[in-house]
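Report on the following structure.
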Amino acid sequence: MPKRPSTPPSPLKPDRRQLLAGLALGASLGPSLGQSLGPALAQPAPAPRPAAQPRAAAATPPSPIQNEQLSAVSLTARLTGDQSPESTLFRFRPDPAPAPQASPPDNPTLRFQPSGDARIGLRNDLAQPVALALRGLRRTVTGDATNGIGAGQAGSLAFPTSQPGSFLLKAVPPAPSREARARGLHAAVIVEEPRPPDVDHDIPLLVGDWRLNEKGELAGDFTDLRDAARLGRLGNRLSVNGREAPLELTVRPGARLRLRLANVAPARTIPLHAQRLGARVIAIDSTPCAPFDPLQRMVTLAPGNRCEMIVDVPREAGIDARLEARFATPAPLFIIRTEGETVAARGPVTALPDPGLPAAIRLQNAARADLAITGGWPREASPDPEAMRKAFPDPLRIFQLNGGAIGDVPGAPPGKPLLRVKRGREVVLALKNQTAWPQVLGLDGHCFRLLHPFDDGWEPYFLDTVYLGPGQVHRIAFIADLVGRHALRSTIADHAETGVATHLEITS
């Protein structure tokens, strides 16, 4: 089980040039996936399950619904040691509540087996409404939690477990989500494969950041216009699974780990480096890919991105390997120490089961739409709060989509969709960032190919989240195969609630 070291790390200190350079790395993933990693709780991998025996269809009973119950709670904890003041955090707490643990408590992990349906019940014990999304799931999610659960109320999410993978349960619009995300309301959701990879530890890694004031407590400026109109809320201390980074884990030499990584920071793109670790990427944004070595053992996750890696630790005892964030001042996230008898050598890393997605997308007859993001504060202008209030009298409309012709506002009925198509249609979207600040867009319910500039090919992996630098244009392609309304919005919390949000409608 990972633990915190006795000596706290120094605060995160990115300078402006390196921060923007790090952000630029998030523009693409994969063999050009340049970079990303992070840390979390170690749990032993489940033993492989035998294949089910064939049975007559009429004799197959319905699979039971797998239920998990959570409460969204507010609690206080010291974030940087026993001498720091207490901060208010939000957490998903399993029911029944776990035994008392280190302060602050970890973000939980929910695991489901690949059969039947799953249900996550939620009681909202916060003083504000909560709406939830399960990032990465390409299946129909039902339940009132997607639209919002009022304070003191209960609701649920239900979904089939036919898609194995690592998913992220997070707060999203239409309910207010900036404070919930900054206070740490996240959970990892895992649907196991029928035959998981052979590893010694299976570790969910939710990597984020906190903005602490000079006293060491969480700053409460969750709707600051200076954040919303620019980069978004950037913290000054890294966290892992809701606790202060770095975490530590002791394993046997030669151990193999499965790292399930997710960036839960409100706005920060995190480039990470695997030191003294053999690393192979096996999935991106909850979708398996052909295993590959990340360039220079680096991976970059923009807010909302997920990535799975298989890593092999050194085969000698007494070695420290680590994952660190590569900012102006490198910051360790996960320290892995080898101790004891060496584990028997394993063979090459093999691919996860085929996700069943089309190998090719016919672009010539695709439905096409443009999404242009404008607005925000000029980069060269001083971020004066009074001037910003005059420039943005409606703080929920700092950015505009297609000149204001479309856009979904938190707490209001959905506006006009970016595109309405029939199920099975190929779709190409041109995403244009015409602002002075990075934008990160995530599409719910689908994954897409990132196209080359002239539509003459695509990157060899699927994504559901894409980074757009200032002035940058990306084109994405997918097959609209899930009926319903699907959000296309910023994964930067401040931007999602201030204009960078719309949706697609897919009809039967």
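Chain labels follow the order of the structure tokens: the first chain is A, the next B, and so on; residue numbering restarts at 1 in every chain, and ligands are counted from 1 in their shown order.
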Alpha helix (DSSP H) positions in region 117-225 of chain A, given as a short mmCIF file (atom, residue, chain, number, x, y, z; two decimals) with N, CA and C atoms, in the first residue's frame:
data_model
loop_
_atom_site.label_atom_id
_atom_site.label_comp_id
_atom_site.auth_asym_id
_atom_site.auth_seq_id
_atom_site.Cartn_x
_atom_site.Cartn_y
_atom_site.Cartn_z
N ARG A 178 -16.85 23.53 -10.38
CA ARG A 178 -15.50 24.03 -10.13
C ARG A 178 -15.04 23.78 -8.69
N GLU A 179 -15.88 24.10 -7.73
CA GLU A 179 -15.49 23.89 -6.34
C GLU A 179 -15.35 22.41 -6.03
N ALA A 180 -16.29 21.60 -6.54
CA ALA A 180 -16.23 20.16 -6.27
C ALA A 180 -14.93 19.55 -6.78
N ARG A 181 -14.50 19.95 -7.97
CA ARG A 181 -13.26 19.40 -8.53
C ARG A 181 -12.05 19.90 -7.78
N ALA A 182 -12.03 21.19 -7.43
CA ALA A 182 -10.88 21.74 -6.71
C ALA A 182 -10.77 21.14 -5.31
N LEU A 225 -12.41 35.36 -11.64
CA LEU A 225 -12.42 35.70 -13.07
C LEU A 225 -11.03 35.61 -13.68
#
*asked:* Can you tell me which residues surround Glu86 (chain A) at a distance of at most 12 Å, considering only C-alpha atoms, apart from same-chain residues fewer than 2 positions away, and format the answer as number ranges by chain?
replied: A: 75-84, 88-89, 103-104, 212-213, 215-219
*Going by DSSP on the backbone, which bits of region 303-437 of chain A are strand (DSSP E)? Write them as number ranges by chain, please.*
A: 306-312, 320-325, 331-338, 367-375, 399-401, 419-422, 425-433
Between region 378-454 of chain A and region 288-307 of chain A, at 10 Å or less, what are the per-residue closest atom pairs and their distances in Å? Count only C-alpha atoms, order by chain and rising residue number, and return it as JSON lines.
{"residue": "A:Gln439", "atom": "CA", "partner": "A:Ala302", "partner_atom": "CA", "distance": 9.7}
{"residue": "A:Val440", "atom": "CA", "partner": "A:Ala302", "partner_atom": "CA", "distance": 7.2}
{"residue": "A:Leu441", "atom": "CA", "partner": "A:Gly304", "partner_atom": "CA", "distance": 9.0}
{"residue": "A:Gly442", "atom": "CA", "partner": "A:Gly304", "partner_atom": "CA", "distance": 7.6}
*Neighbours of region 146-152 of chain A within 6 Å (only C-alpha atoms; same-chain residues fewer than 5 positions away dropped), as a PyMOL selection string?*
chain A and resi 124-132+175
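Shortest separation to Leu488 (chain A) among A:Pro395, A:Gly232, A:Gly445, A:Gly143 occurs at residue A:Gly445, atoms counted being only C-alpha atoms.
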*Which polymer residues have any atom within 7 Å of an atom of Ala255 (chain A), counting only C-alpha atoms, with same-chain residues fewer than 5 positions away left out, as a list in words?*
Asp200, Asp312, Val313 and Val343 of chain A
*asked:* So that I can check the surroundings of Ile335 (chain A), please list as a PyMOL selection string every protein, DNA and RNA residue that reaches within 6 Å of it, counting only C-alpha atoms and ignoring chain neighbours fewer than 2 positions away.
replied: chain A and resi 248+321-322
*For the atom pair CA of Leu272 (chain A) and CA of Phe334 (chain A), what is the interatomic distance in Å to one decimal place?*
10.6 Å
*Would you list the contacts of Leu482 (chain A) as a count of residues only, taking every protein, DNA or RNA residue within 9 Å and counting only C-alpha atoms, but skipping same-chain residues closer than 5 positions in sequence?*
10
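Put simply, CA of Pro176 (chain A) is 11.0 Å away from CA of Thr498 (chain A).
Going from CA of His186 (chain A) over to CA of Arg233 (chain A), you cover 16.7 Å.
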*So which one's closest to Thr269 (chain A), A:Asp455, A:Asp117, A:Asp209, A:Asp370? Using only C-alpha atoms, please.*
A:Asp209
